[in-house]
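**Q** To start, I am sharing the structure in question, which I have written as C-alpha cells.
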Number of protein chains: 2
Amino acid sequence: MDTTLASTSRDLSALFDPRAIAIVGASDDDSKWGYALAERALTAPGDRHVHLVNRRGGTVLGRTTVRSLSELGPDAGVDLVALCVPAAGFLAAVDDALAAGVRAPVAITAGLGELGAEGAAVQAEAVSRVRAAGAVMVGPNCAGVEDLTTGLQLSSEVLRPGHVAVLSQSGNMVIDLDDRMRQVGLGISRFVSLGNQADLTVVDLMQSCVTHDGTSSVAIYAEDVVHGRGFVTAARTLADAGKPVVLLAPGRTDAATRGAASHTGSLTTAARVLDAACAAGGVQRVESPEQLIDLLSGLAGPRRSAGRQVAVLTDGGGHGAVAADAVGAAGLHASLLSPALGEQLTLALWPHSKVSNPVDLAGVGEQDPFSYGRALGVLLGSDEVDGVLLTGYFGGYSLLPISLAGRELAAADDLALRVAAQGKPVVVQSVYPDSPSSQLLRAAGVPVLRDAGRAAVVLAALCRPSPATRHDPLALPDPAAPVTDTAYGTVRDLLAAAGVPFPAAREVRDEAGLRTALPDLLATGPVALKALGLLHKSDAGGVVLGLRDEAAALVAYRDLLARLAPPSVSVEQLADTAAGVEVIVGSRLDARFGPVLMVGLGGVLTEVLDDVAFALGPVSTATAAELLLSLRGAPLLTGTRGRPPVDLDALAALVARVSEVAAAHPEIAELEINPVLATPQGAVGLDARAIARPAD
Amino acid sequence: MDTTLASTSRDLSALFDPRAIAIVGASDDDSKWGYALAERALTAPGDRHVHLVNRRGGTVLGRTTVRSLSELGPDAGVDLVALCVPAAGFLAAVDDALAAGVRAPVAITAGLGELGAEGAAVQAEAVSRVRAAGAVMVGPNCAGVEDLTTGLQLSSEVLRPGHVAVLSQSGNMVIDLDDRMRQVGLGISRFVSLGNQADLTVVDLMQSCVTHDGTSSVAIYAEDVVHGRGFVTAARTLADAGKPVVLLAPGRTDAATRGAASHTGSLTTAARVLDAACAAGGVQRVESPEQLIDLLSGLAGPRRSAGRQVAVLTDGGGHGAVAADAVGAAGLHASLLSPALGEQLTLALWPHSKVSNPVDLAGVGEQDPFSYGRALGVLLGSDEVDGVLLTGYFGGYSLLPISLAGRELAAADDLALRVAAQGKPVVVQSVYPDSPSSQLLRAAGVPVLRDAGRAAVVLAALCRPSPATRHDPLALPDPAAPVTDTAYGTVRDLLAAAGVPFPAAREVRDEAGLRTALPDLLATGPVALKALGLLHKSDAGGVVLGLRDEAAALVAYRDLLARLAPPSVSVEQLADTAAGVEVIVGSRLDARFGPVLMVGLGGVLTEVLDDVAFALGPVSTATAAELLLSLRGAPLLTGTRGRPPVDLDALAALVARVSEVAAAHPEIAELEINPVLATPQGAVGLDARAIARPAD
C-alpha cells in the first residue's frame with residue numbers, strides 16, 4: 001500500500017524532449033516493433049538525430065546501424081532509447097543504455113512482470129539499476145511514447161496533434177481515442193503507453209503534465225491505479241492548473257472484493273473505491289472511449305456551472321421530450337420555468353411556442369433562425385437556468401440548397417456569440433452534427449453531438465459542482481499506538497475513546513459474573529446478551545434481545561453457552577431500535593488508496609439494500625453529512641411519512657470519528673459499527689467489529 | 001379508459017394504396033405544406049393520378065388545379081386526400097372529401113384538438129362524419145403519410161425505402177430515424193405521422209402492419225398510447241407474425257402520478273405502466289432514436305437467445321475490459337468460461353491468448369485474421385455461451401494498404417458464415433464500423449457498432465427471453481358487483497372473500513363494543529387498535545400496537561378517540577412483524593391500460609426504497625412469483641444472512657388474488673394491502689385500503 005503523497009515530480013525532460021534517440025532492436029521486418037518505431041522515428045519532424053542499433057549491424061530502413069550503443073560514444077547525446085529486444089536480453093540492454101549515458105529507456109520488451117514472478121524479478125532489477133543511474137524508465141511491455149510538441153514519434157500510430165495528453169495502459173485504446181478526437185477537432189499533445197508501470201507510473205506522468213504548456217487536459221485509460229493517494233494529489237494539482245482529468249477505468253462488473261469479512265469489506269468494491277478517489281481528485285470517470293472524448297470535447301471550453309437546473313430548447317416536440325429524459329438520466333433537472341421567464345420567452349418567440357421546459361420553438365425556428373439565439377439569450381440570462389441543451393433539427397438548414405441555409409449559418413454565429421458572452425455551458429444535439437452550422441458552433445467551443453444522451457452527459461459534466469466543493473479527504477494522521485487484538489471489547493473501547501457513544505455493557509465469562517453485572521444494567525430496562533468471539537453474531541443466533549429480569553437472562557445465557565460455547569458474553573443495555581434508523585458505518589483499508597469510509601442503511605439488510613456511499617478517509621463531519629444525505633434512503637434520516645428527523649449532526653460526528661480511528665490504525669483492515677442507531681436524540685453504536693490487516 | 005381488446009382491423013387499403021389522390025390546399029408557396037406534399041406527390045414513382053385542389057384555381061407547380069373536389073366527378077377514383085387547409089375550413093373540407101367518395105382523408109390541418117376544447121369538438125365532429133361514411137382519417141395535425149411499397153409520397157421528407165414501418169407522433173423524428181437508418185442500410189416501408197390520433201390511432205396502424213408484406217418491423221415514436229390493451233394485443237400479434245416492435249416513448253422524468261392517494265398510486269407512474277405494457281406485448285422500449293435504430297438493426301436478423309450468458313471476444317485488453325463492463329451494464333453476464341472450453345480456445349488460438357472472459361486474442365489476430373473466426377466458432381459451439389460480443393480493432397486491417405487487408409476481408413467472410421451457421425446472436429464493436437470488413441459483416445446481418453455500450457444493448461435485446469416467457473396478463477374478467485363504499489371493513493371483507501388471509505379483527509364504535517371484542521382476541525396474544533376513516537393511519541398516529549390486556553387497550557382507545565375522533569376502531573390480533581418481511585401489494589386502474597399490479601418491499605419505507613415491480617393485471621400466481629423475485633430485495637424473500645425463506649407460493653397466490661379483485665372492480669381506482677406480512681408460514685394482509693374511481 002502506498003498512502004503517502006506522491007514524491008516530488010521527477011525530471012522527465014529526457015523522456016519527452018531528448019536530444020538524440022536510439023532504437024535498440026531496429027529491424028527491417030515489418031511485423032516487429034523495431035521496424036514500426038524506427039520508421040516513425042525517422043519520419044518525425046525536426047532535426048533530432050535517430051540512431052538505429054541492430055546487433056547484426058548492416059542497414060535497417062536504408063540507414064546504417066551500429067551494433068551497440070557503446071559504438072556511438074558519449075557525444076552522441078542519446079537521452080532516450082526504445083528497447084525492442086527479447087526479454088532474455090532486456091537487462092543487458094538496460095545496462096548498455098545506462099552505460100551510454102541514456103537517461104530515459106522506453107522498454108517495449110514484453111514477457112517480464114506481466115507473465116509472473118520470474119519476469120517481475122528481472123523487471124525490478126532493471127528498475128533499481130535505472131533509478132541508481134538517475135534515469136527514468138517507461139514500461140516494460142509498453143507500446144511507446146510520443147510527444148507531438150517536441151516532434152518525438154516513438155509509437156506505431158500516426159496521431160493527430162492537439163492538446164490532450166493520453167496516458168494509457170492499453171496500446172490499442174489510443175487508436176480508438178485518436179479516431180474519435182479527429183471527428184471533433186481534438187488532438188494529442190503526448191501519448192505514453194504505460195505498460196507494466198515498473199518505474200514511471202501514471203502518477204508520475206500526470207505530474208509531468210501539470211507544467212507542460214502543450215497539454216490542456218489529460219485522458220487516462222487505466223486498469224490499475226497503483227499509487228492511490230498520489231493519483232488523487234496529481235489529479236488535484238492538474239485540476240488546480242485548469243487541466244481536467246478524464247479517466248476510463250473498466251472493472252464495474254468485478255465481483256465484490258474477495259476475502260472481505262465484514263459488510264463494509266464486501267460492499268467496498270474496487271470500482272467504488274476508485275469512484276471515491278475520483279470524487280476526491282476532481283476526476284471525471286467515464287464508461288467508454290466515446291464518453292471520454294465527448295467529455296474532453298466539452299471540458300475544452302471554459303464554461304461551467306455549479307448548479308444543475310437546465311433548460312431544454314428544441315425545434316421539435318419529439319426531440320425535446322427525448323432530451324428532457326436524457327437530461328434527467330444524466331442527473332440534471334429540467335424544472336418548469338417561471339411564468340415571468342415564460343413571458344420573456346414568448347416575447348422573443350411567437351405565440352405558438354411552448355415556453356415551459358422544454359422550450360419548443362414550434363415552427364418559429366424555420367420562419368426565423370435567429371429565434372434560436374433570442375431564446376437562448378433569454379434562458380442564459382435567467383437565474384433559473386444553469387445551462388442549456390439545444391436539441392433537434394438546427395444545423396440541418398445549412399445543408400439545404402435554399403436561402404435559409406445562409407441565414408442559419410448567421411444564426412449559428414449569433415448563437416456562438418451569445419454563448420461566448422457569458423459563463424454558462426451550452427451543448428447542442430443535432431441530427432446534422434457535421435453540417436456547416438454545427439461545425440461553426442463546434443469551432444466556437446460549443447459541443448455538438450448526434451445523440452441527446454451523449455449531449456446530456458456532457459452538459460452534466462459542465463454543470464458539476466466546482467472543484468471547491470469536491471470531497472476533500474483530510475490528511476492521513478500519524479499512526480496511533482496499534483491495537484494488539486480485535487476482540488469486541490477492544491474495538492468498542494477504541495471507538496468509545498474516540499468519542500463514539502455505545503450503550504452500557506459488561507463482558508462476563510461465567511454465571512457469577514453475569515449475576516454481578518445484571519442489577520445495574522436491568523435498572524434502566526431490558527438487556528441484550530451477545531456471544532463474543534463470533535464474527536457474525538446475529539447470523540449465528542448469538543444475540544438475544546429483550547431480557548427483562550435475571551431469570552430470563554440466565555436462561556438465555558445458558559442457552560448461548562450450550563449452543564455456541566463463546567469464550568465470553570457481553571451484557572448490554574437494550575436500545576429501542578424501533579425508535580430510530582439503523583445505519584452502517586465502516587472503513588476498509590484499500591491496498592491502493594488507504595482508508596475508505598462507507599456509510600449506508602444498515603442492520604441485517606445492508607447487502608440487500610446496497611444503499612451505500614463512500615469517501616476516502618478520514619473525512620470531516622461536513623463530508624460525513626454529505627455522504628449520509630446522498631443515500632437513496634436519506635429521507636429516513638431527514639424525516640418522512642410522520643417520522644421525525646434523526647440528529648444528523650450527531651450521526652455525522654460519529655461517522656467522522658470512525659473514519660479518524662480507521663485512518664490512525666493501519667493495522668486494522670476493516671472497522672465497522674453495524675448498526676449505528678440514529679434517533680432524534682443522537683447516534684449510538686450497537687455493535688462493533690474489526691478485522692486485523694493480514695501480515696504483508 | 002379503454003381496456004377492451006382492439007376492435008377488428010379496419011381496412012386501410014384506401015390509405016396506403018389509393019387509386020388516385022388529391023392535395024386540397026395545394027400551393028406554390030414553398031413555406032406551406034400544400035407545396036411540399038404536392039411536390040412530393042407529383043414526383044412519386046408509378047402512374048397514380050395526383051389532383052391538385054386550390055380554391056382560387058389556376059396552376060400550382062405548373063399543373064392545372066381544380067377549385068373543388070366536386071369538379072372531379074366520381075370516376076376520378078380519388079381514395080385519399082391530403083387536407084392542407086386552415087382550421088376554419090376543416091369541417092367543410094372533410095365534408096367535400098366524403099361527398100366526393102374519398103375513403104381516407106389525411107388531415108394536415110393544425111389548430112384543432114391539440115389547442116383546446118373548441119378545436120377538439122370540431123375534430124370529434126369530423127371523426128363522426130368520417131366514420132359514418134365508412135372512411136378512415138389520419139391526423140389532424142399530422143405531417144403526412146408515405147407508403148414506399150406503393151409509391152405513395154405524401155410527406156415533406158425523402159425517405160430511404162426499406163422494411164421498417166415508422167409510426168410517429170413527432171414529425172421531425174422521422175428525419176432523425178431516416179438519417180440513422182441510411183447509415184446502417186435500413187429503410188422505411190411506411191411512414192405515418194400520427195398527429196392527434198382523432199380517428200386512426202397507433203393501434204390501428206400497428207394492426208395494418210401485421211399483414212403488410214413490405215413491413216418486417218415496426219418503429220413507434222409515441223408520447224401517448226391511447227388504447228392501452230389494444231396496443232398490447234397489436235404488439236403481440238405483430239410479434240407472433242415475426243415483426244418486432246420497438247417503441248420510443250419519452251416521459252421517464254415525469255413527476256409521479258398526480259392525485260394518487262395510496263403508495264401504489266404514487267409509485268405507479270405512467271412510465272412504469274408503459275414498461276409493464278411493453279413486457280406484456282413483447283415490445284422493446286428504447287430511450288433514444290439512436291437506440292431505436294440500433295435495435296431495429298439487430299432485430300432485423302433471425303438470431304435470438306433466451307439465455308444471457310455471453311462471451312466477449314477481443315483483440316485488445318482495453319476494448320475487452322470496456323466491453324465486459326458494457327455487457328454487465330446491459331444486464332448480460334460474462335461469466336468465467338470453463339477450463340474445458342478454455343482449452344478448446346487455446347488450441348484455436350495461441351499460447352499467449354487469454355481464454356477466460358473476455359477472450360483476448362493477444363496478438364494472434366494480427367498474425368492470423370482467421371483466428372477470430374476459429375475463436376468465434378468455438379464459443380458459439382459451446383453450451384456456456386448464448387451470444388458473443390466481438391470488440392476492438394477488427395475491421396481496421398481492411399483499410400490498410402497491406403496484404404493483411406485482403407486476408408481480413410476473407411476472415412470477415414468466414415466470421416459471417418460461422419454466424420449464419422447457427423442461431424446465436426453475434427454483435428460487433430469496431431473502431432472502424434464503415435470499413436470494407438465491417439460492411440461485409442453488416443450486409444450478412446451482423447450488427448456492427450462504433451461503441452461497445454451500444455453493441456451490448458443490441459446483444460441484450462437479442463438475448464431476451466423469447467416471447468413465450470413474456471408476462472402475459474390474464475384476460476380482464478367481467479365486472480363483479482361493485483362495492484358501494486371503500487370503508488376499511490368493506491375492503492378487507494372483499495379481499496378476504498377472494499382468499500386473502502387477514503388476522504382476526506372486530507370493528508368497534510364504543511367502549512362497550514371494545515370490551516366485548518377483547519376477550520377472544522386477547523386470548524391469542526396482544527392486540528392492535530386502528531383508528532378507521534383516516535387514509536394514512538400510521539402517519540397520523542392512528543395505529544397502536546402491542547396491547548396486552550384490557551386495561552392497556554382501553555387507555556389506547558380513549559387516547560385515539562381524544563386525538564383523532566375516528567368514527568370507528570378496528571381491534572385486531574397483532575402479527576409479529578419481526579418474524580417476516582413486509583411487502584406492499586397494490587393495483588391501480590390506469591386510464592390507458594386498465595388495472596396495473598404493483599408488488600414491492602413495503603411498510604413505511606415503500607416510497608423511500610422504491611423497490612417495486614409492475615405488470616398489467618390480472619396476473620397468474622406464476623407471474624406474481626416472477627415479479628416478487630425480480631425485486632432488488634428478493635433475497636429477503638428467498639432467505640439471506642440466516643433468515644429463513646418466506647412461503648413464496650402463499651405470497652404469490654395472495655398477489656394474484658389482489659390482482660383479480662382489482663380487475664373485477666373497475667369502480668376501484670387504487671387497491672392496496674400494505675403491509676402484507678410474508679413469513680415462512682404464509683402471507684397475511686395487515687392492512688387494506690381502496691380509493692374509489694372518481695366519476696368520469
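Chain labels run A, B, ... following the order of the C-alpha cells; each chain numbers its residues from 1, and ligands are numbered from 1 in the order shown.
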Pull the closest atom pair for each residue of chain B that gets at most 7 Å from chain A, along with the distance in Å to one decimal, counting only C-alpha atoms, ordering rows by chain and then ascending residue number, as a tab-separated table.
**A**
```
residue	atom	partner	partner_atom	distance
B:Ser170	CA	A:Gly318	CA	5.2
B:Asn172	CA	A:Gly316	CA	6.2
B:Met173	CA	A:Gly318	CA	6.2
B:Asp176	CA	A:Val431	CA	5.9
B:Pro250	CA	A:Val322	CA	5.4
B:Gly251	CA	A:Asp325	CA	6.3
B:Arg252	CA	A:Asp325	CA	5.7
B:Thr253	CA	A:Asp325	CA	5.7
B:Ser288	CA	A:Val322	CA	6.4
B:Glu290	CA	A:Asp451	CA	6.8
B:Gly316	CA	A:Asn172	CA	6.2
B:Gly317	CA	A:Ser170	CA	6.4
B:Gly318	CA	A:Ser170	CA	5.2
B:Ala321	CA	A:Pro250	CA	5.7
B:Val322	CA	A:Pro250	CA	5.5
B:Asp325	CA	A:Arg252	CA	5.7
B:Gly328	CA	A:Thr253	CA	6.0
B:Val431	CA	A:Asp176	CA	5.8
B:Asp451	CA	A:Glu290	CA	6.8
B:Asp539	CA	A:Gly642	CA	4.7
B:Ala540	CA	A:Gly642	CA	6.9
B:Val608	CA	A:Gly633	CA	5.6
B:Leu609	CA	A:Gly633	CA	6.5
B:Gly633	CA	A:Val608	CA	5.6
B:Pro635	CA	A:Val608	CA	6.8
B:Arg641	CA	A:Asp539	CA	5.8
B:Gly642	CA	A:Asp539	CA	4.9
```
**Q** List the spatial neighbours of stretch 656-666 of chain B as number ranges by chain - criterion: any atom at most 9 Å away, only C-alpha atoms, same-chain residues fewer than 5 positions off excluded.
**A** B: 476-483, 494-495, 498-500, 585-589, 594-598, 616-624, 651, 671-673, 693
**Q** According to DSSP computed on the backbone, where in stretch 293-389 of chain B is there strand (DSSP E)? Give the residues as a PyMOL selection string.
**A** chain B and resi 310-314+354-355+359-360+387-389
**Q** To one decimal in Å, tell me the separation between atom CA of B:Thr577 and atom CA of B:Leu628.
**A** 18.8 Å
**Q** Please provide as a PyMOL selection string all residues within 8 Å of stretch 555-563 of chain B, with the sequence filter that same-chain residues fewer than 2 positions apart are discarded (counting only C-alpha atoms).
**A** chain B and resi 511+529+531+542+544+551-553+565-566
